[in-house]
Amino acid sequence: MPAAEPTSAATPDAELQMEALSALCARRGFIYQSGEIYGGLGGFWDYGPLGVELKNNLKAFWWQRMVRERDDVEGIDAAIITHPRTWEASGHVEGFSDPLVDCRACKRRFRADQLEGVPKCRAKPDGAHDLTEPRDFNLMLQTQIGASLAASSRAYLRAETCGPIFTAFKRVREVARQKTPFGIAQIGKAFRNEINPRNFTFRSREFEQAELEFFCHPDERAKWFEYWREQRLAFHRALGLDAAKLRLRQHERDELAHYANAALDVEFLFPFDWQEIEGIHDRGSYDLTQHAEFSGKDLSEFDETSRERFVPAVIETSIGIDRCALALLCNGYREEQVKGERRTLLRLSPVVAPIKAAVLPLSKKLGAPARKITAELRRSWNVDYDESGNIGRRYRRQDEVGTPWCITYDFESQQDGQVTVRERDSMAQQRVASEGLRAYLSERMEAETGP
Ligand code: GAP
């Protein structure tokens with residue numbers, strides 16, 4: 001069962017901020033409703049040219065830190081639809097549900113634990129809903145496999161990406177020649193038939209997760225739980241999320257998911273409230289015990305030192321990529337006045353910024369050398385080239401999509417071989433030799449995020 005969230009109605013100011021941000025996202029091609037020409041589909045979002053870059057950068061950074069830099073983590077990419085027994089064993093078919101209530105008057109449906117701030121009843125003069133008793137609503141999205149509509153062909157779109165990690169545990173451990181403690185990581189789509197998708201992409205029906213299932217001896221759960229909590233906090237800080245907008249929240253016993261012994265949320269202060277962007281869970285030996293029982297396969301491991309057989313326990317870190325991307329957008333969004341003009345700014349770290357740098361020739365006549373610089377930088381990063389409009393307007397266009405550096409090629413550049421590098425946040429400008437530009441930008445990026 002997903003943990004209940006603290007609910008709170010968004011203030012008008014928060015609503016305005018979210019409206020401004022979602023308008024920017026649609027206008028500049030970060031994120032917009034899926035199927036928008038048909039009116040959109042609730043809880044489904046498409047990422048446009050800039051959104052896909054932002055999300056890919058975030059996923060690549062996670063993969064780099066969680067898989068590539070480590071000897072003790074292996075990555076996989078499993079099918080979205082897997083054997084349905086997986087979800088029976090995990091408890092999802094039976095118990096992955098939210099409490100649902102219906103309004104008898106207006107026929108709308110709500111989550112019983114999220115009634116604060118819902119719109120008034122349109123069918124009653126006093127606006128009060130006439131609600132049914134709560135009942136369980138299973139969030140698993142179903143599909144049929146093959147030509148038959150029989151119940152035996154029913155399958156599920158995974159509600160979390162970890163399921164196939166557990167079922168592949170034995171194979172991955174063997175092929176990668178690993179022994180506990182070690183982890184298996186995956187990034188991929190997950191689906192939940194949410195009753196009330198809301199707050200832009202925050203609660204969607206289709207989303208991406210990046211999950212690590214770290215297998216350890218059951219006696220070492222506390223040690224690894226603490227270790228991964230620190231690692232994950234450091235990750236969010238390295239992404240550039242403001243420290244004052246990050247916090248950890250321990251789950252109370254009655255909020256724990258059916259598989260968890262202990263859980264922590266990494267929360268971010270969105271304009272609408274503090275909300276979870278990542279969960280860190282002590283799942284105990286629940287998963288491997290269940291899958292061993294349902295599959296009849298031995299998933300235990302032999303400890304050479306203690307000469308005992310044990311079922312590994314799991315410490316899980318589970319980040320929502322879309323939620324984290326939304327946190328980055330909210331964190332970075334600013335409107336400020338510069339010399340009497342409004343400037344919209346996305347303060348994104350260079351790690352995730354969709355465009356790392358933009359090359360702007362001062363005049364179209366300078367296009368050839370400016371394009372040469374662009375081509376050189378594109379060997380390493382996503383770099384924009386823009387020669388249209390006055391230079392101030394071009395800076396503003398880059399500021400509002402979070403481009404950390406603008407590189408201006410002017411008439412002097414032809415003489416002295418230097419370009420002007422302008423910083424997004426401070427707007428400070430510096431002359432840099434165009435030959436050393438790639439090294440200069442690399443150094444700046446490493447300075448902000450660590451090598
Ligand atoms: N395997 C554990 C698990 O799935 P969870 O707390 O239900 O745990 C983990 O989900 C993360 O997935 C959350 O912290 C959140 O970032 C993301 N997530 C969950 N439901 C989501 C939804 N409906 N829309 C967007 N992201 C969601």
# chains A, B, ... in the order shown; residues from 1 in each chain; ligands from 1
call {"tool": "closest_atom_pairs", "arguments": {"of": "stretch 163-223 of chain A", "to": "stretch 282-289 of chain A", "cutoff": "12 Å", "atoms": "only C-alpha atoms", "output": "CSV"}}
result
residue,atom,partner,partner_atom,distance
A:Gly163,CA,A:Asp287,CA,8.6
A:Pro164,CA,A:Asp287,CA,10.9
A:Ile165,CA,A:Asp287,CA,10.0
A:Phe166,CA,A:Leu288,CA,6.5
A:Thr167,CA,A:Leu288,CA,8.0
A:Ala168,CA,A:Leu288,CA,10.3
A:Phe169,CA,A:Leu288,CA,8.4
A:Lys170,CA,A:Leu288,CA,9.8
A:Leu212,CA,A:Asp282,CA,11.9
A:Glu213,CA,A:Arg283,CA,9.3
A:Phe214,CA,A:Asp282,CA,9.7
A:Phe215,CA,A:Ser285,CA,9.1
A:Cys216,CA,A:Gly284,CA,9.3
A:His217,CA,A:Ser285,CA,9.2
A:Pro218,CA,A:Gly284,CA,6.8
A:Asp219,CA,A:Gly284,CA,9.9
A:Glu220,CA,A:Gly284,CA,10.3
A:Arg221,CA,A:Asp282,CA,7.1
A:Ala222,CA,A:Asp282,CA,8.3
A:Lys223,CA,A:Asp282,CA,10.9
call {"tool": "residues_around", "arguments": {"residues": "stretch 201-209 of chain A", "least_positions_apart": "2", "cutoff": "8 Å", "atoms": "only C-alpha atoms", "output": "MDAnalysis selection string"}}
result
chainID A and resid 43:45 160:161 187:194 196:199 211 318:323 326
call {"tool": "residues_around", "arguments": {"residues": "A:Tyr409", "least_positions_apart": "3", "cutoff": "7 Å", "atoms": "only C-alpha atoms", "output": "ChimeraX atom specification"}}
result
/A:360-362,370,413,419-420
call {"tool": "residues_around", "arguments": {"residues": "A:Met66", "least_positions_apart": "3", "cutoff": "12 Å", "atoms": "only C-alpha atoms", "output": "PyMOL selection string"}}
result
chain A and resi 59-63+69-75+182-187+210-214+228+231-232+234-235+317-319
call {"tool": "write_last_selection", "arguments": {"atoms": "N, CA, C and O atoms", "output": "CSV table (one decimal), in the first residue's frame"}}
result
chain,number,residue,atom,x,y,z
A,59,LYS,N,18.8,11.0,-15.4
A,59,LYS,CA,19.0,9.5,-15.3
A,59,LYS,C,20.4,9.2,-15.5
A,59,LYS,O,20.9,8.3,-14.8
A,60,ALA,N,21.1,9.9,-16.4
A,60,ALA,CA,22.5,9.5,-16.6
A,60,ALA,C,23.4,9.8,-15.3
A,60,ALA,O,24.3,9.1,-15.0
A,61,PHE,N,23.0,10.9,-14.6
A,61,PHE,CA,23.7,11.2,-13.4
A,61,PHE,C,23.5,10.2,-12.3
A,61,PHE,O,24.4,9.7,-11.6
A,62,TRP,N,22.2,9.7,-12.2
A,62,TRP,CA,21.9,8.7,-11.2
A,62,TRP,C,22.7,7.4,-11.6
A,62,TRP,O,23.3,6.8,-10.7
A,63,TRP,N,22.6,7.0,-12.9
A,63,TRP,CA,23.3,5.8,-13.3
A,63,TRP,C,24.8,5.9,-13.0
A,63,TRP,O,25.4,4.9,-12.6
A,69,GLU,N,30.1,4.1,-11.0
A,69,GLU,CA,31.2,4.4,-10.0
A,69,GLU,C,31.4,3.4,-9.0
A,69,GLU,O,32.2,3.5,-8.1
A,70,ARG,N,30.6,2.3,-9.0
A,70,ARG,CA,30.6,1.3,-7.9
A,70,ARG,C,31.0,-0.1,-8.4
A,70,ARG,O,30.5,-0.5,-9.5
A,71,ASP,N,31.7,-0.8,-7.5
A,71,ASP,CA,32.0,-2.2,-7.8
A,71,ASP,C,30.8,-3.1,-7.4
A,71,ASP,O,30.7,-4.2,-7.8
A,72,ASP,N,30.0,-2.6,-6.4
A,72,ASP,CA,29.0,-3.5,-5.8
A,72,ASP,C,27.6,-3.3,-6.3
A,72,ASP,O,26.6,-3.7,-5.6
A,73,VAL,N,27.4,-2.6,-7.4
A,73,VAL,CA,26.1,-2.5,-8.0
A,73,VAL,C,26.1,-2.8,-9.5
A,73,VAL,O,27.0,-2.4,-10.2
A,74,GLU,N,25.1,-3.7,-9.9
A,74,GLU,CA,24.9,-4.1,-11.3
A,74,GLU,C,23.7,-3.5,-11.8
A,74,GLU,O,22.6,-3.4,-11.1
A,75,GLY,N,23.7,-3.0,-13.1
A,75,GLY,CA,22.5,-2.5,-13.7
A,75,GLY,C,21.7,-3.5,-14.6
A,75,GLY,O,22.4,-4.4,-15.1
A,182,PHE,N,25.6,-6.6,-2.1
A,182,PHE,CA,25.7,-6.0,-3.5
A,182,PHE,C,24.2,-5.5,-3.9
A,182,PHE,O,23.3,-6.0,-3.3
A,183,GLY,N,24.2,-4.7,-4.9
A,183,GLY,CA,22.9,-4.2,-5.4
A,183,GLY,C,22.6,-4.4,-6.8
A,183,GLY,O,23.5,-4.6,-7.6
A,184,ILE,N,21.3,-4.3,-7.2
A,184,ILE,CA,20.9,-4.3,-8.6
A,184,ILE,C,20.1,-3.1,-8.8
A,184,ILE,O,19.2,-2.8,-8.0
A,185,ALA,N,20.4,-2.4,-9.9
A,185,ALA,CA,19.8,-1.1,-10.1
A,185,ALA,C,19.0,-1.1,-11.5
A,185,ALA,O,19.4,-1.8,-12.4
A,186,GLN,N,18.0,-0.3,-11.5
A,186,GLN,CA,17.2,-0.2,-12.8
A,186,GLN,C,16.5,1.1,-12.9
A,186,GLN,O,16.1,1.7,-11.9
A,187,ILE,N,16.5,1.7,-14.1
A,187,ILE,CA,15.6,2.9,-14.4
A,187,ILE,C,14.6,2.4,-15.4
A,187,ILE,O,14.9,1.8,-16.4
A,210,ALA,N,13.9,5.3,-10.7
A,210,ALA,CA,15.2,4.8,-10.7
A,210,ALA,C,15.4,4.1,-9.3
A,210,ALA,O,15.3,4.8,-8.3
A,211,GLU,N,15.6,2.8,-9.3
A,211,GLU,CA,15.5,2.0,-8.1
A,211,GLU,C,16.8,1.2,-7.9
A,211,GLU,O,17.3,0.6,-8.9
A,212,LEU,N,17.3,1.2,-6.7
A,212,LEU,CA,18.4,0.3,-6.3
A,212,LEU,C,17.8,-0.7,-5.2
A,212,LEU,O,17.2,-0.2,-4.2
A,213,GLU,N,18.0,-2.0,-5.5
A,213,GLU,CA,17.7,-3.0,-4.4
A,213,GLU,C,19.1,-3.5,-4.0
A,213,GLU,O,19.8,-4.1,-4.7
A,214,PHE,N,19.4,-3.1,-2.7
A,214,PHE,CA,20.7,-3.5,-2.2
A,214,PHE,C,20.5,-4.7,-1.2
A,214,PHE,O,19.9,-4.6,-0.2
A,228,TRP,N,22.9,4.2,2.9
A,228,TRP,CA,22.2,4.7,1.7
A,228,TRP,C,21.5,6.0,1.9
A,228,TRP,O,21.3,6.8,1.0
A,231,GLN,N,24.1,8.6,1.3
A,231,GLN,CA,24.4,8.6,-0.2
A,231,GLN,C,23.4,9.4,-0.9
A,231,GLN,O,23.7,10.2,-1.8
A,232,ARG,N,22.1,9.1,-0.6
A,232,ARG,CA,21.0,9.6,-1.4
A,232,ARG,C,20.9,11.1,-1.1
A,232,ARG,O,20.6,11.9,-2.0
A,234,ALA,N,23.3,13.1,-0.3
A,234,ALA,CA,24.4,13.7,-1.0
A,234,ALA,C,24.1,13.9,-2.5
A,234,ALA,O,24.4,14.9,-3.2
A,235,PHE,N,23.4,12.9,-3.1
A,235,PHE,CA,23.0,12.9,-4.5
A,235,PHE,C,22.1,14.2,-4.7
A,235,PHE,O,22.3,14.9,-5.7
A,317,THR,N,16.5,2.0,-2.5
A,317,THR,CA,16.3,3.5,-2.7
A,317,THR,C,15.5,3.7,-4.0
A,317,THR,O,15.9,3.1,-5.0
A,318,SER,N,14.5,4.4,-3.9
A,318,SER,CA,13.5,4.5,-5.0
A,318,SER,C,13.2,6.0,-5.3
A,318,SER,O,12.4,6.6,-4.6
A,319,ILE,N,13.8,6.5,-6.4
A,319,ILE,CA,13.5,7.9,-6.7
A,319,ILE,C,12.6,8.0,-7.9
A,319,ILE,O,12.7,7.2,-8.8
call {"tool": "residues_around", "arguments": {"residues": "stretch 85-101 of chain A", "least_positions_apart": "4", "cutoff": "7 Å", "atoms": "only C-alpha atoms", "output": "list in words"}}
result
Met1, Arg109, Phe110, Arg111, Ala112, Leu131, Thr132, Glu133, Pro134, Arg135, Asp136, Phe137, Asn138, Leu139, Gly163, Asp287, Gln290, His291 and Phe294 of chain A
call {"tool": "select_by_dssp", "arguments": {"residues": "stretch 27-238 of chain A", "states": "alpha helix (DSSP H)", "output": "MDAnalysis selection string"}}
result
chainID A and resid 27 49:63 85:89 92:95 163:167 169:175 221:238
call {"tool": "closest_residue", "arguments": {"among": "A:Lys124, A:Arg378, A:Arg249, A:Arg237", "to": "ligand 1", "atoms": "only C-alpha atoms and all ligand atoms"}}
result
A:Arg249
call {"tool": "atom_distance", "arguments": {"atom1": "atom CA of A:Thr344", "atom2": "atom CA of A:Trp405"}}
result
15.4 Å
call {"tool": "closest_residue", "arguments": {"among": "A:Phe411, A:Phe30, A:Tyr395, A:Trp381", "to": "A:Lys365", "atoms": "only C-alpha atoms"}}
result
A:Phe411
call {"tool": "residues_around", "arguments": {"residues": "A:Lys120", "least_positions_apart": "4", "cutoff": "12 Å", "atoms": "only C-alpha atoms", "output": "ChimeraX atom specification"}}
result
/A:103,105-106,108,110,115-116,124-130
call {"tool": "atom_distance", "arguments": {"atom1": "atom CA of A:Ala78", "atom2": "atom CA of A:Leu157"}}
result
12.2 Å
call {"tool": "residues_around", "arguments": {"residues": "stretch 31-38 of chain A", "least_positions_apart": "4", "cutoff": "7 Å", "atoms": "only C-alpha atoms", "output": "ChimeraX atom specification"}}
result
/A:25-26,44-48,51
call {"tool": "write_last_selection", "arguments": {"atoms": "all heavy atoms", "output": "PDB file, in the first residue's frame"}}
result
ATOM      1  N   CYS A  25       6.850  25.405 -19.112  1.00  0.00           N
ATOM      2  CA  CYS A  25       7.207  24.043 -19.568  1.00  0.00           C
ATOM      3  C   CYS A  25       6.548  23.721 -20.901  1.00  0.00           C
ATOM      4  O   CYS A  25       7.163  23.092 -21.767  1.00  0.00           O
ATOM      5  CB  CYS A  25       6.806  23.007 -18.516  1.00  0.00           C
ATOM      6  SG  CYS A  25       7.939  22.966 -17.132  1.00  0.00           S
ATOM      7  N   ALA A  26       5.283  24.134 -21.057  1.00  0.00           N
ATOM      8  CA  ALA A  26       4.590  23.851 -22.324  1.00  0.00           C
ATOM      9  C   ALA A  26       5.142  24.745 -23.431  1.00  0.00           C
ATOM     10  O   ALA A  26       5.452  24.281 -24.538  1.00  0.00           O
ATOM     11  CB  ALA A  26       3.096  24.074 -22.152  1.00  0.00           C
ATOM     12  N   PHE A  44      -1.112  11.697 -17.643  1.00  0.00           N
ATOM     13  CA  PHE A  44      -0.098  11.286 -18.629  1.00  0.00           C
ATOM     14  C   PHE A  44       0.524  12.546 -19.235  1.00  0.00           C
ATOM     15  O   PHE A  44      -0.188  13.469 -19.629  1.00  0.00           O
ATOM     16  CB  PHE A  44      -0.716  10.416 -19.729  1.00  0.00           C
ATOM     17  CG  PHE A  44      -1.242   9.106 -19.206  1.00  0.00           C
ATOM     18  CD1 PHE A  44      -2.551   9.000 -18.755  1.00  0.00           C
ATOM     19  CD2 PHE A  44      -0.426   7.987 -19.130  1.00  0.00           C
ATOM     20  CE1 PHE A  44      -3.040   7.799 -18.239  1.00  0.00           C
ATOM     21  CE2 PHE A  44      -0.901   6.779 -18.629  1.00  0.00           C
ATOM     22  CZ  PHE A  44      -2.209   6.687 -18.180  1.00  0.00           C
ATOM     23  N   TRP A  45       1.853  12.542 -19.318  1.00  0.00           N
ATOM     24  CA  TRP A  45       2.585  13.730 -19.760  1.00  0.00           C
ATOM     25  C   TRP A  45       3.622  13.350 -20.803  1.00  0.00           C
ATOM     26  O   TRP A  45       4.192  12.258 -20.742  1.00  0.00           O
ATOM     27  CB  TRP A  45       3.296  14.391 -18.572  1.00  0.00           C
ATOM     28  CG  TRP A  45       2.330  14.846 -17.531  1.00  0.00           C
ATOM     29  CD1 TRP A  45       1.896  14.140 -16.443  1.00  0.00           C
ATOM     30  CD2 TRP A  45       1.620  16.092 -17.497  1.00  0.00           C
ATOM     31  NE1 TRP A  45       0.979  14.876 -15.735  1.00  0.00           N
ATOM     32  CE2 TRP A  45       0.788  16.081 -16.363  1.00  0.00           C
ATOM     33  CE3 TRP A  45       1.619  17.227 -18.334  1.00  0.00           C
ATOM     34  CZ2 TRP A  45      -0.039  17.154 -16.033  1.00  0.00           C
ATOM     35  CZ3 TRP A  45       0.799  18.289 -17.994  1.00  0.00           C
ATOM     36  CH2 TRP A  45      -0.017  18.242 -16.864  1.00  0.00           C
ATOM     37  N   ASP A  46       3.846  14.273 -21.744  1.00  0.00           N
ATOM     38  CA  ASP A  46       4.917  14.073 -22.730  1.00  0.00           C
ATOM     39  C   ASP A  46       6.051  15.048 -22.438  1.00  0.00           C
ATOM     40  O   ASP A  46       5.804  16.198 -22.031  1.00  0.00           O
ATOM     41  CB  ASP A  46       4.409  14.341 -24.161  1.00  0.00           C
ATOM     42  CG  ASP A  46       3.444  13.262 -24.635  1.00  0.00           C
ATOM     43  OD1 ASP A  46       3.335  12.214 -23.954  1.00  0.00           O
ATOM     44  OD2 ASP A  46       2.788  13.475 -25.675  1.00  0.00           O
ATOM     45  N   TYR A  47       7.270  14.592 -22.661  1.00  0.00           N
ATOM     46  CA  TYR A  47       8.452  15.454 -22.512  1.00  0.00           C
ATOM     47  C   TYR A  47       8.912  15.856 -23.911  1.00  0.00           C
ATOM     48  O   TYR A  47       9.154  14.996 -24.754  1.00  0.00           O
ATOM     49  CB  TYR A  47       9.569  14.715 -21.767  1.00  0.00           C
ATOM     50  CG  TYR A  47       9.270  14.550 -20.297  1.00  0.00           C
ATOM     51  CD1 TYR A  47       8.305  13.646 -19.863  1.00  0.00           C
ATOM     52  CD2 TYR A  47       9.915  15.323 -19.346  1.00  0.00           C
ATOM     53  CE1 TYR A  47       7.997  13.517 -18.513  1.00  0.00           C
ATOM     54  CE2 TYR A  47       9.622  15.195 -17.997  1.00  0.00           C
ATOM     55  CZ  TYR A  47       8.659  14.292 -17.590  1.00  0.00           C
ATOM     56  OH  TYR A  47       8.363  14.169 -16.252  1.00  0.00           O
ATOM     57  N   GLY A  48       9.034  17.169 -24.129  1.00  0.00           N
ATOM     58  CA  GLY A  48       9.449  17.676 -25.436  1.00  0.00           C
ATOM     59  C   GLY A  48      10.970  17.735 -25.554  1.00  0.00           C
ATOM     60  O   GLY A  48      11.691  17.154 -24.732  1.00  0.00           O
ATOM     61  N   GLY A  51      12.647  18.846 -22.365  1.00  0.00           N
ATOM     62  CA  GLY A  51      12.299  17.960 -21.249  1.00  0.00           C
ATOM     63  C   GLY A  51      13.037  16.638 -21.319  1.00  0.00           C
ATOM     64  O   GLY A  51      13.512  16.118 -20.301  1.00  0.00           O
TER      65      GLY A  51
END
call {"tool": "atom_distance", "arguments": {"atom1": "atom CA of A:Ile373", "atom2": "atom CA of A:Ala358"}}
result
10.3 Å
call {"tool": "select_by_dssp", "arguments": {"residues": "stretch 18-205 of chain A", "states": "strand (DSSP E)", "output": "PDB file with C-alpha atoms, in the first residue's frame"}}
result
ATOM      1  CA  ILE A  31       6.555  19.035 -20.585  1.00  0.00           C
ATOM      2  CA  TYR A  32       2.984  19.161 -21.894  1.00  0.00           C
ATOM      3  CA  GLN A  33      -0.127  17.020 -21.676  1.00  0.00           C
ATOM      4  CA  TRP A  45       2.585  13.730 -19.760  1.00  0.00           C
ATOM      5  CA  ASP A  46       4.917  14.073 -22.730  1.00  0.00           C
ATOM      6  CA  TYR A  47       8.452  15.454 -22.512  1.00  0.00           C
ATOM      7  CA  VAL A  73      26.056  -2.471  -7.998  1.00  0.00           C
ATOM      8  CA  GLU A  74      24.949  -4.054 -11.293  1.00  0.00           C
ATOM      9  CA  GLY A  75      22.457  -2.467 -13.709  1.00  0.00           C
ATOM     10  CA  ILE A  76      19.628  -4.169 -15.600  1.00  0.00           C
ATOM     11  CA  SER A  97      -4.677  -0.047  -3.244  1.00  0.00           C
ATOM     12  CA  ASP A  98      -5.804   3.388  -2.149  1.00  0.00           C
ATOM     13  CA  PRO A  99      -9.053   4.163  -0.314  1.00  0.00           C
ATOM     14  CA  LEU A 100     -11.655   5.386  -2.822  1.00  0.00           C
ATOM     15  CA  VAL A 101     -14.858   7.333  -2.131  1.00  0.00           C
ATOM     16  CA  ASP A 102     -17.611   8.343  -4.584  1.00  0.00           C
ATOM     17  CA  ARG A 109     -14.322  10.005  -7.213  1.00  0.00           C
ATOM     18  CA  PHE A 110     -11.707  10.974  -4.662  1.00  0.00           C
ATOM     19  CA  ARG A 111      -8.997   9.465  -2.511  1.00  0.00           C
ATOM     20  CA  ARG A 135     -13.340   1.061  -0.338  1.00  0.00           C
ATOM     21  CA  ASP A 136     -10.072  -0.330  -1.644  1.00  0.00           C
ATOM     22  CA  PHE A 137      -9.183   0.581  -5.229  1.00  0.00           C
ATOM     23  CA  ASN A 138      -6.310  -1.427  -6.741  1.00  0.00           C
ATOM     24  CA  LEU A 141      -3.008  -1.194 -14.522  1.00  0.00           C
ATOM     25  CA  GLN A 142      -4.015  -4.373 -16.320  1.00  0.00           C
ATOM     26  CA  THR A 143      -3.628  -5.585 -19.872  1.00  0.00           C
ATOM     27  CA  GLN A 144      -4.230  -8.778 -21.878  1.00  0.00           C
ATOM     28  CA  ARG A 154      -4.271 -11.049 -17.746  1.00  0.00           C
ATOM     29  CA  ALA A 155      -1.009  -9.248 -17.074  1.00  0.00           C
ATOM     30  CA  TYR A 156       0.007  -6.084 -15.252  1.00  0.00           C
ATOM     31  CA  LEU A 157       2.010  -3.013 -16.111  1.00  0.00           C
ATOM     32  CA  PHE A 182      25.652  -5.968  -3.476  1.00  0.00           C
ATOM     33  CA  GLY A 183      22.916  -4.173  -5.354  1.00  0.00           C
ATOM     34  CA  ILE A 184      20.910  -4.325  -8.584  1.00  0.00           C
ATOM     35  CA  ALA A 185      19.755  -1.074 -10.146  1.00  0.00           C
ATOM     36  CA  GLN A 186      17.233  -0.219 -12.796  1.00  0.00           C
ATOM     37  CA  ILE A 187      15.638   2.854 -14.362  1.00  0.00           C
ATOM     38  CA  GLY A 188      12.297   2.440 -16.089  1.00  0.00           C
ATOM     39  CA  LYS A 189       8.621   3.130 -16.441  1.00  0.00           C
ATOM     40  CA  ALA A 190       6.086   2.361 -13.747  1.00  0.00           C
ATOM     41  CA  PHE A 191       2.308   2.694 -13.909  1.00  0.00           C
TER      42      PHE A 191
END
